[in-house]
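Chemist: query_16.cif is reproduced below (mmCIF, C-alpha atoms and all ligand atoms).
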```cif
data_structure
#
loop_
_atom_site.label_atom_id
_atom_site.label_comp_id
_atom_site.auth_asym_id
_atom_site.auth_seq_id
_atom_site.Cartn_x
_atom_site.Cartn_y
_atom_site.Cartn_z
CA MET A 1 -118.64 37.07 -20.19
CA GLU A 2 -119.56 37.68 -16.57
CA GLU A 3 -118.10 40.84 -15.05
CA LEU A 4 -116.23 40.02 -11.87
CA VAL A 5 -115.37 42.69 -9.33
CA ASN A 6 -112.18 42.37 -7.33
CA PRO A 7 -112.54 42.22 -3.59
CA ARG A 8 -110.77 45.29 -2.23
CA HIS A 9 -108.92 43.24 0.40
CA ILE A 10 -108.11 39.54 -0.04
CA ALA A 11 -106.59 37.63 2.89
CA VAL A 12 -105.16 34.12 2.79
CA ILE A 13 -104.34 31.78 5.66
CA LEU A 14 -101.44 29.88 4.09
CA ASP A 15 -102.02 26.31 5.23
CA GLY A 16 -100.96 22.87 4.05
CA ASN A 17 -97.19 23.20 3.53
CA GLY A 18 -96.55 20.29 5.90
CA ARG A 19 -99.09 18.01 4.22
CA TRP A 20 -97.72 18.93 0.81
CA ALA A 21 -94.23 17.89 1.96
CA LYS A 22 -95.55 14.65 3.45
CA LYS A 23 -97.32 13.81 0.21
CA LYS A 24 -94.06 14.32 -1.71
CA GLY A 25 -91.97 12.49 0.91
CA VAL A 26 -89.74 15.52 1.54
CA PRO A 27 -88.89 17.40 4.79
CA ARG A 28 -91.47 19.95 6.05
CA ALA A 29 -88.94 22.75 5.46
CA ILE A 30 -89.12 22.00 1.72
CA GLY A 31 -92.90 22.43 1.94
CA HIS A 32 -92.40 25.85 3.51
CA LYS A 33 -89.88 26.82 0.84
CA GLU A 34 -92.32 25.78 -1.88
CA GLY A 35 -95.02 27.76 -0.04
CA CYS A 36 -92.78 30.85 -0.28
CA GLU A 37 -92.37 30.34 -4.03
CA THR A 38 -96.15 30.08 -4.42
CA LEU A 39 -96.59 33.25 -2.39
CA LYS A 40 -94.09 35.10 -4.59
CA HIS A 41 -96.11 34.11 -7.63
CA ILE A 42 -99.55 34.90 -6.20
CA LEU A 43 -98.29 38.28 -4.96
CA ASP A 44 -97.29 39.05 -8.55
CA THR A 45 -100.74 37.98 -9.72
CA CYS A 46 -102.39 40.33 -7.19
CA TYR A 47 -100.20 43.14 -8.52
CA TYR A 48 -101.28 42.45 -12.13
CA LYS A 49 -104.91 42.14 -11.07
CA LYS A 50 -104.63 45.52 -9.31
CA ILE A 51 -105.81 44.16 -5.97
CA GLU A 52 -105.58 46.97 -3.40
CA PHE A 53 -104.85 44.96 -0.24
CA PHE A 54 -103.47 41.42 -0.06
CA SER A 55 -102.83 39.82 3.33
CA VAL A 56 -101.31 36.52 4.32
CA TYR A 57 -101.04 34.67 7.59
CA ALA A 58 -97.56 33.18 7.50
CA PHE A 59 -96.48 32.65 11.13
CA SER A 60 -98.76 32.64 14.16
CA THR A 61 -98.03 33.39 17.80
CA GLU A 62 -98.77 29.68 18.36
CA ASN A 63 -96.33 28.45 15.69
CA TRP A 64 -93.42 28.81 18.17
CA LYS A 65 -94.73 25.57 19.68
CA ARG A 66 -93.46 23.62 16.65
CA SER A 67 -90.11 21.78 16.78
CA SER A 68 -87.07 24.02 17.09
CA GLY A 69 -85.86 22.70 13.73
CA GLU A 70 -89.05 23.75 11.94
CA VAL A 71 -89.12 27.17 13.62
CA ALA A 72 -85.46 27.70 12.64
CA ALA A 73 -86.25 26.73 9.04
CA LEU A 74 -89.13 29.23 8.91
CA ILE A 75 -86.93 32.02 10.29
CA GLN A 76 -84.21 31.13 7.79
CA LEU A 77 -86.79 31.52 5.00
CA MET A 78 -87.60 35.03 6.31
CA ARG A 79 -83.87 35.88 6.18
CA TYR A 80 -83.74 34.71 2.58
CA TYR A 81 -87.03 36.00 1.18
CA LEU A 82 -87.69 39.31 2.97
CA PRO A 83 -84.75 41.24 1.41
CA ARG A 84 -85.78 39.88 -2.00
CA LEU A 85 -89.36 40.92 -1.31
CA GLU A 86 -88.10 44.43 -0.57
CA LYS A 87 -86.34 44.66 -3.94
CA ARG A 88 -89.34 43.26 -5.79
CA SER A 89 -91.75 45.58 -3.95
CA MET A 90 -89.72 48.63 -5.01
CA GLU A 91 -90.05 47.48 -8.64
CA ARG A 92 -93.77 46.93 -8.20
CA ASN A 93 -94.82 50.05 -6.23
CA THR A 94 -95.85 47.71 -3.39
CA LYS A 95 -96.06 48.80 0.23
CA VAL A 96 -95.31 46.03 2.73
CA ARG A 97 -96.85 46.03 6.20
CA ILE A 98 -96.16 43.45 8.88
CA ILE A 99 -98.85 42.68 11.42
CA GLY A 100 -97.82 40.85 14.58
CA ASP A 101 -95.17 41.36 17.20
CA ILE A 102 -91.88 41.83 15.36
CA SER A 103 -89.99 42.05 18.67
CA GLY A 104 -90.38 38.27 19.04
CA PHE A 105 -87.87 37.59 16.23
CA PRO A 106 -84.05 37.47 16.40
CA SER A 107 -82.59 40.97 16.15
CA ASP A 108 -81.10 40.52 12.65
CA VAL A 109 -84.52 39.47 11.35
CA GLN A 110 -86.17 42.44 13.12
CA LYS A 111 -83.72 44.71 11.32
CA ILE A 112 -84.61 43.19 7.93
CA MET A 113 -88.32 43.62 8.72
CA HIS A 114 -88.02 47.26 9.79
CA HIS A 115 -85.93 48.05 6.72
CA LEU A 116 -88.51 46.38 4.47
CA ILE A 117 -91.40 48.31 6.01
CA GLU A 118 -89.62 51.68 5.98
CA THR A 119 -88.22 51.39 2.46
CA THR A 120 -91.51 50.32 0.89
CA SER A 121 -93.64 52.80 2.87
CA VAL A 122 -93.29 55.38 0.05
CA ASN A 123 -95.05 53.06 -2.43
CA THR A 124 -98.63 53.75 -3.42
CA GLY A 125 -99.81 50.63 -5.30
CA LEU A 126 -100.68 47.27 -3.80
CA THR A 127 -100.43 46.98 -0.01
CA PHE A 128 -99.07 43.56 0.99
CA ILE A 129 -99.72 42.67 4.63
CA MET A 130 -97.84 39.80 6.26
CA GLY A 131 -98.90 38.21 9.53
CA LEU A 132 -95.63 37.26 11.25
CA ASN A 133 -95.69 36.31 14.94
CA TYR A 134 -99.29 37.41 14.56
CA GLY A 135 -102.21 36.39 16.74
CA GLY A 136 -105.56 38.17 16.71
CA ARG A 137 -105.81 37.92 20.49
CA ASP A 138 -102.27 39.16 21.05
CA GLU A 139 -102.99 42.07 18.69
CA LEU A 140 -106.15 42.94 20.65
CA ARG A 141 -104.25 42.65 23.93
CA ARG A 142 -101.63 45.10 22.68
CA ALA A 143 -104.38 47.46 21.46
CA VAL A 144 -106.05 47.36 24.88
CA VAL A 145 -102.72 48.23 26.52
CA LYS A 146 -102.37 51.27 24.21
CA LEU A 147 -105.87 52.51 25.04
CA ALA A 148 -105.43 51.82 28.76
CA GLU A 149 -102.24 53.94 28.70
CA LYS A 150 -104.27 56.84 27.28
CA VAL A 151 -106.90 56.42 29.98
CA LYS A 152 -104.18 56.33 32.63
CA ALA A 153 -102.64 59.53 31.24
CA GLY A 154 -106.05 61.23 31.51
CA GLU A 155 -106.31 61.65 27.71
CA LEU A 156 -109.31 59.38 27.29
CA GLU A 157 -112.46 58.53 29.24
CA PRO A 158 -113.25 54.78 29.22
CA GLU A 159 -116.84 55.36 28.08
CA ASN A 160 -115.56 57.34 25.09
CA ILE A 161 -113.71 54.36 23.60
CA THR A 162 -115.22 53.70 20.16
CA GLU A 163 -114.96 50.78 17.74
CA ALA A 164 -113.03 53.08 15.41
CA MET A 165 -110.47 53.74 18.16
CA ILE A 166 -110.03 50.01 18.69
CA SER A 167 -109.57 49.46 14.92
CA ALA A 168 -107.03 52.28 14.83
CA SER A 169 -105.08 50.70 17.71
CA LEU A 170 -104.67 47.37 15.92
CA ASP A 171 -101.68 46.41 13.74
CA THR A 172 -104.00 46.78 10.73
CA ALA A 173 -104.68 50.49 11.48
CA GLY A 174 -105.74 52.23 8.27
CA ILE A 175 -106.29 48.96 6.36
CA PRO A 176 -109.91 48.07 5.45
CA ASP A 177 -111.23 44.80 6.91
CA PRO A 178 -110.70 41.79 4.60
CA ASP A 179 -113.63 41.26 2.23
CA VAL A 180 -112.69 37.63 1.85
CA ILE A 181 -110.54 35.26 3.90
CA ILE A 182 -109.36 32.14 2.08
CA ARG A 183 -107.88 29.26 4.06
CA THR A 184 -106.22 26.59 1.96
CA SER A 185 -105.93 22.87 2.78
CA GLY A 186 -109.58 22.48 3.75
CA GLU A 187 -109.30 23.29 7.48
CA MET A 188 -112.34 25.32 8.47
CA ARG A 189 -111.07 27.59 11.20
CA LEU A 190 -109.37 30.97 11.48
CA SER A 191 -106.70 29.90 14.03
CA ASN A 192 -106.43 33.37 15.62
CA PHE A 193 -106.26 35.34 12.34
CA MET A 194 -107.79 38.84 12.19
CA THR A 195 -110.11 38.16 15.10
CA TRP A 196 -111.55 41.69 15.17
CA GLN A 197 -111.29 42.41 11.43
CA SER A 198 -113.03 39.22 10.23
CA ALA A 199 -116.46 40.16 11.65
CA TYR A 200 -118.07 40.41 8.19
CA SER A 201 -115.49 38.72 5.96
CA GLU A 202 -116.67 36.11 3.48
CA LEU A 203 -114.91 32.82 4.29
CA GLU A 204 -113.67 30.28 1.75
CA PHE A 205 -112.03 26.93 2.44
CA PRO A 206 -110.63 25.42 -0.77
CA THR A 207 -109.03 21.99 -0.28
CA VAL A 208 -105.89 22.79 -2.32
CA LEU A 209 -102.67 22.74 -0.26
CA TRP A 210 -100.96 26.14 -0.23
CA PRO A 211 -97.86 25.16 -2.30
CA ASP A 212 -100.23 23.97 -5.07
CA PHE A 213 -102.38 27.14 -5.02
CA SER A 214 -102.51 28.59 -8.55
CA ASP A 215 -103.80 31.64 -10.42
CA ASP A 216 -106.83 29.53 -11.31
CA ASP A 217 -107.51 28.92 -7.62
CA LEU A 218 -107.33 32.68 -6.99
CA ASP A 219 -109.71 33.31 -9.91
CA GLU A 220 -112.08 30.70 -8.52
CA ALA A 221 -111.99 32.34 -5.07
CA ILE A 222 -112.81 35.72 -6.64
CA ARG A 223 -115.62 34.14 -8.63
CA ILE A 224 -117.10 32.54 -5.49
CA PHE A 225 -116.81 35.88 -3.68
CA ASN A 226 -118.76 37.53 -6.51
CA GLY A 227 -121.55 34.99 -6.03
CA ARG A 228 -121.96 35.77 -2.35
CA GLU A 229 -124.61 38.16 -1.15
CA ARG A 230 -123.19 40.43 1.53
CA ARG A 231 -125.74 41.88 3.90
CA PHE A 232 -123.81 43.27 6.89
CA GLY A 233 -126.84 42.69 9.09
CA GLY A 234 -129.15 44.76 6.89
CA ARG A 235 -132.09 43.39 4.93
CA LYS A 236 -131.81 42.19 1.36
CA GLY A 237 -132.14 44.94 -1.22
CA GLU A 238 -131.65 47.73 1.29
CA GLU A 239 -128.62 49.96 1.46
C1 LIG B 301 -98.69 26.51 6.89
O1 LIG B 301 -98.46 25.17 6.67
C2 LIG B 301 -97.44 27.27 7.23
C3 LIG B 301 -97.33 27.66 8.66
C4 LIG B 301 -98.28 27.55 9.53
C5 LIG B 301 -96.07 28.22 9.08
P1 LIG B 301 -98.44 24.09 7.83
O2 LIG B 301 -97.02 23.91 8.27
O3 LIG B 301 -99.38 24.45 8.92
O4 LIG B 301 -98.92 22.82 7.05
P2 LIG B 301 -99.78 21.59 7.60
O5 LIG B 301 -101.01 22.16 8.26
O6 LIG B 301 -98.90 20.88 8.59
O7 LIG B 301 -100.08 20.79 6.40
C1 LIG B 302 -102.53 28.78 10.95
O1 LIG B 302 -102.10 27.54 10.55
C2 LIG B 302 -101.38 29.72 11.05
C3 LIG B 302 -100.75 30.05 9.78
C4 LIG B 302 -101.14 29.67 8.61
C5 LIG B 302 -99.61 30.91 9.88
P1 LIG B 302 -101.75 26.37 11.59
O2 LIG B 302 -101.49 25.18 10.78
O3 LIG B 302 -100.68 26.83 12.50
O4 LIG B 302 -103.11 26.26 12.43
P2 LIG B 302 -103.78 25.04 13.17
O5 LIG B 302 -102.77 24.56 14.18
O6 LIG B 302 -104.08 24.00 12.15
O7 LIG B 302 -105.02 25.62 13.79
MG MG B 303 -101.32 23.87 9.31
#
```
Could you quickly redo this structure as structure tokens?
Modeler:
Amino acid sequence: MEELVNPRHIAVILDGNGRWAKKKGVPRAIGHKEGCETLKHILDTCYYKKIEFFSVYAFSTENWKRSSGEVAALIQLMRYYLPRLEKRSMERNTKVRIIGDISGFPSDVQKIMHHLIETTSVNTGLTFIMGLNYGGRDELRRAVVKLAEKVKAGELEPENITEAMISASLDTAGIPDPDVIIRTSGEMRLSNFMTWQSAYSELEFPTVLWPDFSDDDLDEAIRIFNGRERRFGGRKGEE
């Protein structure tokens, strides 16, 4: 049997909940709920597969433009699932990180998020990264502000700003760049996800809608990743 290596960091842009709901003739909110159930399952699978870093894009800085009813339904799902995720993560030695601007959420949800991050920060197994009110451009903007503050305080010379400093100023500080980014539902775009971090990520666009994504689909994505030749700008066969 072929030996497959796990990507160190798998990221998924969770897309297609709305189309899944439409296909079933149910409200979009039901599609999002089903998407959460799928995520719960796939997160478990990543734990059993001993994936080191698993990221998902669940709510973008642009998603506030959706109807107030849909936004409210998504926030309600956070209220329901995040405390359960905390409990599960403690049982599974999983550290949860949130990337994105948490301050954009209602204060009770912010509290749940901070509690989740702090409580699970002691865990040393899988790191689960959730993009919530996340936008790659907004993240870069906030990183630039941090570095500009250092320049202003006289702690840093502009010409001494390195790529490593920029990486360390992003929400993903300390997390390796994703080896593979999977976007479900067949759309071939990143929609503002990990703009800086995706420079050398392998991209996969399976047509399956997120609520239907299965362990087999994850296996297939890992298999495809194993078939890719990563070069990072170097020449074939050279280190
Ligand atoms: C992804 O599903 C979930 C979020 C972006 C919150 P969509 O809601 O984007 O589903 P489609 O694209 O309408 O099918
Ligand atoms: C990207 O999906 C954002 C998330 C999955 C959270 P969208 O459905 O919002 O993106 P577009 O509008 O199709 O680009
Ligand atoms: Mg979509």
Chemist: Report as a list in words all protein, DNA and RNA residues lying within 10 Å of Gln197 in chain A, evaluated on all atoms listed in the file, omitting residues in the same chain fewer than 3 positions from it.
Modeler: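 The residues that qualify are Gly136, Ser167, Leu170, Thr172, Ile175, Pro176, Asp177, Pro178, Asp179, Phe193, Met194, Tyr200 and Ser201 of chain A.
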Chemist: Once you have the residues from the selection above, write them out as a short mmCIF file (atom, residue, chain, number, x, y, z; two decimals), in the frame of the given file, restricted to C-alpha atoms.
Modeler:
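Full text of result_5.cif as output:
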```
data_model
loop_
_atom_site.label_atom_id
_atom_site.label_comp_id
_atom_site.auth_asym_id
_atom_site.auth_seq_id
_atom_site.Cartn_x
_atom_site.Cartn_y
_atom_site.Cartn_z
CA GLY A 136 -105.56 38.17 16.71
CA SER A 167 -109.57 49.46 14.92
CA LEU A 170 -104.67 47.37 15.92
CA THR A 172 -104.00 46.78 10.73
CA ILE A 175 -106.29 48.96 6.36
CA PRO A 176 -109.91 48.07 5.45
CA ASP A 177 -111.23 44.80 6.91
CA PRO A 178 -110.70 41.79 4.60
CA ASP A 179 -113.63 41.26 2.23
CA PHE A 193 -106.26 35.34 12.34
CA MET A 194 -107.79 38.84 12.19
CA TYR A 200 -118.07 40.41 8.19
CA SER A 201 -115.49 38.72 5.96
#
```
Chemist: Could you name the residues that touch Gly125 in chain A at 12 Å or less, counting only C-alpha atoms, but leaving out those on the same chain fewer than 6 positions away, as a list in words?
Modeler: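 In the requested format, the answer is Cys46, Tyr47, Tyr48, Lys49, Lys50, Ile51, Glu52, Phe53, Phe54, Ser89, Met90, Glu91, Arg92, Asn93, Thr94, Lys95 and Val96 of chain A.
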Chemist: Write out as CSV a residue-level contact list of chain A versus ligand LIG 302 (chain B) with cut-off 9 Å: for each qualifying residue the closest pair of atoms and the distance in Å to one decimal, counting all atoms listed in the file, rows sorted by chain and residue number upward.
Modeler:
```
residue,atom,partner,partner_atom,distance
A:Val12,CA,B:LIG302,C4,8.4
A:Ile13,CA,B:LIG302,C4,4.8
A:Leu14,CA,B:LIG302,C4,4.5
A:Asp15,CA,B:LIG302,C4,4.8
A:Gly16,CA,B:LIG302,O2,7.1
A:Asn17,CA,B:LIG302,O2,8.7
A:Gly18,CA,B:LIG302,O2,8.5
A:Val56,CA,B:LIG302,C5,8.1
A:Tyr57,CA,B:LIG302,C5,4.6
A:Ala58,CA,B:LIG302,C5,3.9
A:Phe59,CA,B:LIG302,C5,3.8
A:Ser60,CA,B:LIG302,C5,4.7
A:Thr61,CA,B:LIG302,C2,8.4
A:Glu62,CA,B:LIG302,O3,6.8
A:Asn63,CA,B:LIG302,O3,5.6
A:Arg66,CA,B:LIG302,O3,8.9
A:Gly131,CA,B:LIG302,C5,7.3
A:Leu132,CA,B:LIG302,C5,7.6
A:Asn133,CA,B:LIG302,C5,8.4
A:Tyr134,CA,B:LIG302,C5,8.0
A:Gly135,CA,B:LIG302,C2,8.8
A:Arg183,CA,B:LIG302,C4,8.1
A:Thr184,CA,B:LIG302,C4,8.9
A:Glu187,CA,B:LIG302,O6,7.0
A:Arg189,CA,B:LIG302,O7,6.9
A:Leu190,CA,B:LIG302,C1,7.2
A:Ser191,CA,B:LIG302,O7,4.6
A:Asn192,CA,B:LIG302,C1,7.6
A:Phe193,CA,B:LIG302,C2,7.6
```
Chemist: For Ala148 in chain A, work out the shell of residues within 12 Å, counting only C-alpha atoms and skipping chain neighbours fewer than 5 positions away, then give it as a ChimeraX atom specification.
Modeler: /A:141-143,153-159,161,165-166,169
Chemist: Kindly compute an axis-aligned box around the listed atoms of range 25-36 of chain A, allowing 5 Å on each side, and express its centre and edge lengths in Å to one decimal as JSON.
Modeler:
```
{"center_x": -92.0, "center_y": 21.7, "center_z": 2.1, "size_x": 16.1, "size_y": 28.4, "size_z": 17.9}
```
Chemist: Quick one: distance from CA of Asp212 in chain A to atom C1 of ligand LIG 301 (chain B) in Å, one decimal?
Modeler: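 Separating CA of Asp212 in chain A from atom C1 of ligand LIG 301 (chain B) is a distance of 12.3 Å.
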Chemist: Can you give me N, CA, C and O atoms for range 51-68 of chain A, written as a JSON list (two decimals), in the frame of the given file?
Modeler:
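Output (result.json):
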```json
[["chain", "number", "residue", "atom", "x", "y", "z"],
["A", 51, "ILE", "N", -105.18, 44.31, -7.29],
["A", 51, "ILE", "CA", -105.81, 44.16, -5.97],
["A", 51, "ILE", "C", -105.23, 45.27, -5.08],
["A", 51, "ILE", "O", -104.05, 45.58, -5.17],
["A", 52, "GLU", "N", -106.08, 45.88, -4.24],
["A", 52, "GLU", "CA", -105.58, 46.97, -3.40],
["A", 52, "GLU", "C", -104.83, 46.49, -2.16],
["A", 52, "GLU", "O", -103.78, 47.01, -1.80],
["A", 53, "PHE", "N", -105.44, 45.49, -1.48],
["A", 53, "PHE", "CA", -104.85, 44.96, -0.24],
["A", 53, "PHE", "C", -104.81, 43.44, -0.30],
["A", 53, "PHE", "O", -105.85, 42.81, -0.55],
["A", 54, "PHE", "N", -103.63, 42.87, -0.08],
["A", 54, "PHE", "CA", -103.47, 41.42, -0.06],
["A", 54, "PHE", "C", -102.75, 41.04, 1.24],
["A", 54, "PHE", "O", -101.65, 41.53, 1.50],
["A", 55, "SER", "N", -103.42, 40.22, 2.04],
["A", 55, "SER", "CA", -102.83, 39.82, 3.33],
["A", 55, "SER", "C", -102.58, 38.33, 3.37],
["A", 55, "SER", "O", -103.34, 37.56, 2.78],
["A", 56, "VAL", "N", -101.54, 37.95, 4.09],
["A", 56, "VAL", "CA", -101.31, 36.52, 4.32],
["A", 56, "VAL", "C", -100.97, 36.28, 5.79],
["A", 56, "VAL", "O", -100.36, 37.12, 6.44],
["A", 57, "TYR", "N", -101.40, 35.11, 6.24],
["A", 57, "TYR", "CA", -101.04, 34.67, 7.59],
["A", 57, "TYR", "C", -99.94, 33.65, 7.40],
["A", 57, "TYR", "O", -100.15, 32.56, 6.85],
["A", 58, "ALA", "N", -98.72, 34.02, 7.80],
["A", 58, "ALA", "CA", -97.56, 33.18, 7.50],
["A", 58, "ALA", "C", -96.93, 32.55, 8.74],
["A", 58, "ALA", "O", -96.31, 31.49, 8.65],
["A", 59, "PHE", "N", -97.07, 33.21, 9.90],
["A", 59, "PHE", "CA", -96.48, 32.65, 11.13],
["A", 59, "PHE", "C", -97.29, 33.16, 12.31],
["A", 59, "PHE", "O", -97.39, 34.37, 12.54],
["A", 60, "SER", "N", -97.88, 32.23, 13.06],
["A", 60, "SER", "CA", -98.76, 32.64, 14.16],
["A", 60, "SER", "C", -98.01, 32.68, 15.49],
["A", 60, "SER", "O", -96.93, 32.10, 15.63],
["A", 61, "THR", "N", -98.62, 33.35, 16.46],
["A", 61, "THR", "CA", -98.03, 33.39, 17.80],
["A", 61, "THR", "C", -97.95, 31.98, 18.39],
["A", 61, "THR", "O", -97.18, 31.73, 19.31],
["A", 62, "GLU", "N", -98.76, 31.06, 17.87],
["A", 62, "GLU", "CA", -98.77, 29.68, 18.36],
["A", 62, "GLU", "C", -97.73, 28.81, 17.64],
["A", 62, "GLU", "O", -97.39, 27.72, 18.11],
["A", 63, "ASN", "N", -97.25, 29.28, 16.49],
["A", 63, "ASN", "CA", -96.33, 28.45, 15.69],
["A", 63, "ASN", "C", -94.96, 28.24, 16.37],
["A", 63, "ASN", "O", -94.21, 27.34, 15.98],
["A", 64, "TRP", "N", -94.66, 29.04, 17.40],
["A", 64, "TRP", "CA", -93.42, 28.81, 18.17],
["A", 64, "TRP", "C", -93.43, 27.46, 18.85],
["A", 64, "TRP", "O", -92.37, 26.96, 19.26],
["A", 65, "LYS", "N", -94.63, 26.87, 18.99],
["A", 65, "LYS", "CA", -94.73, 25.57, 19.68],
["A", 65, "LYS", "C", -94.25, 24.42, 18.81],
["A", 65, "LYS", "O", -94.15, 23.30, 19.26],
["A", 66, "ARG", "N", -93.96, 24.69, 17.54],
["A", 66, "ARG", "CA", -93.46, 23.62, 16.65],
["A", 66, "ARG", "C", -92.02, 23.27, 17.02],
["A", 66, "ARG", "O", -91.40, 23.96, 17.83],
["A", 67, "SER", "N", -91.48, 22.21, 16.42],
["A", 67, "SER", "CA", -90.11, 21.78, 16.78],
["A", 67, "SER", "C", -89.14, 22.92, 16.49],
["A", 67, "SER", "O", -89.37, 23.76, 15.61],
["A", 68, "SER", "N", -88.03, 22.93, 17.26],
["A", 68, "SER", "CA", -87.07, 24.02, 17.09],
["A", 68, "SER", "C", -86.51, 24.00, 15.67],
["A", 68, "SER", "O", -86.21, 25.06, 15.09]]
```
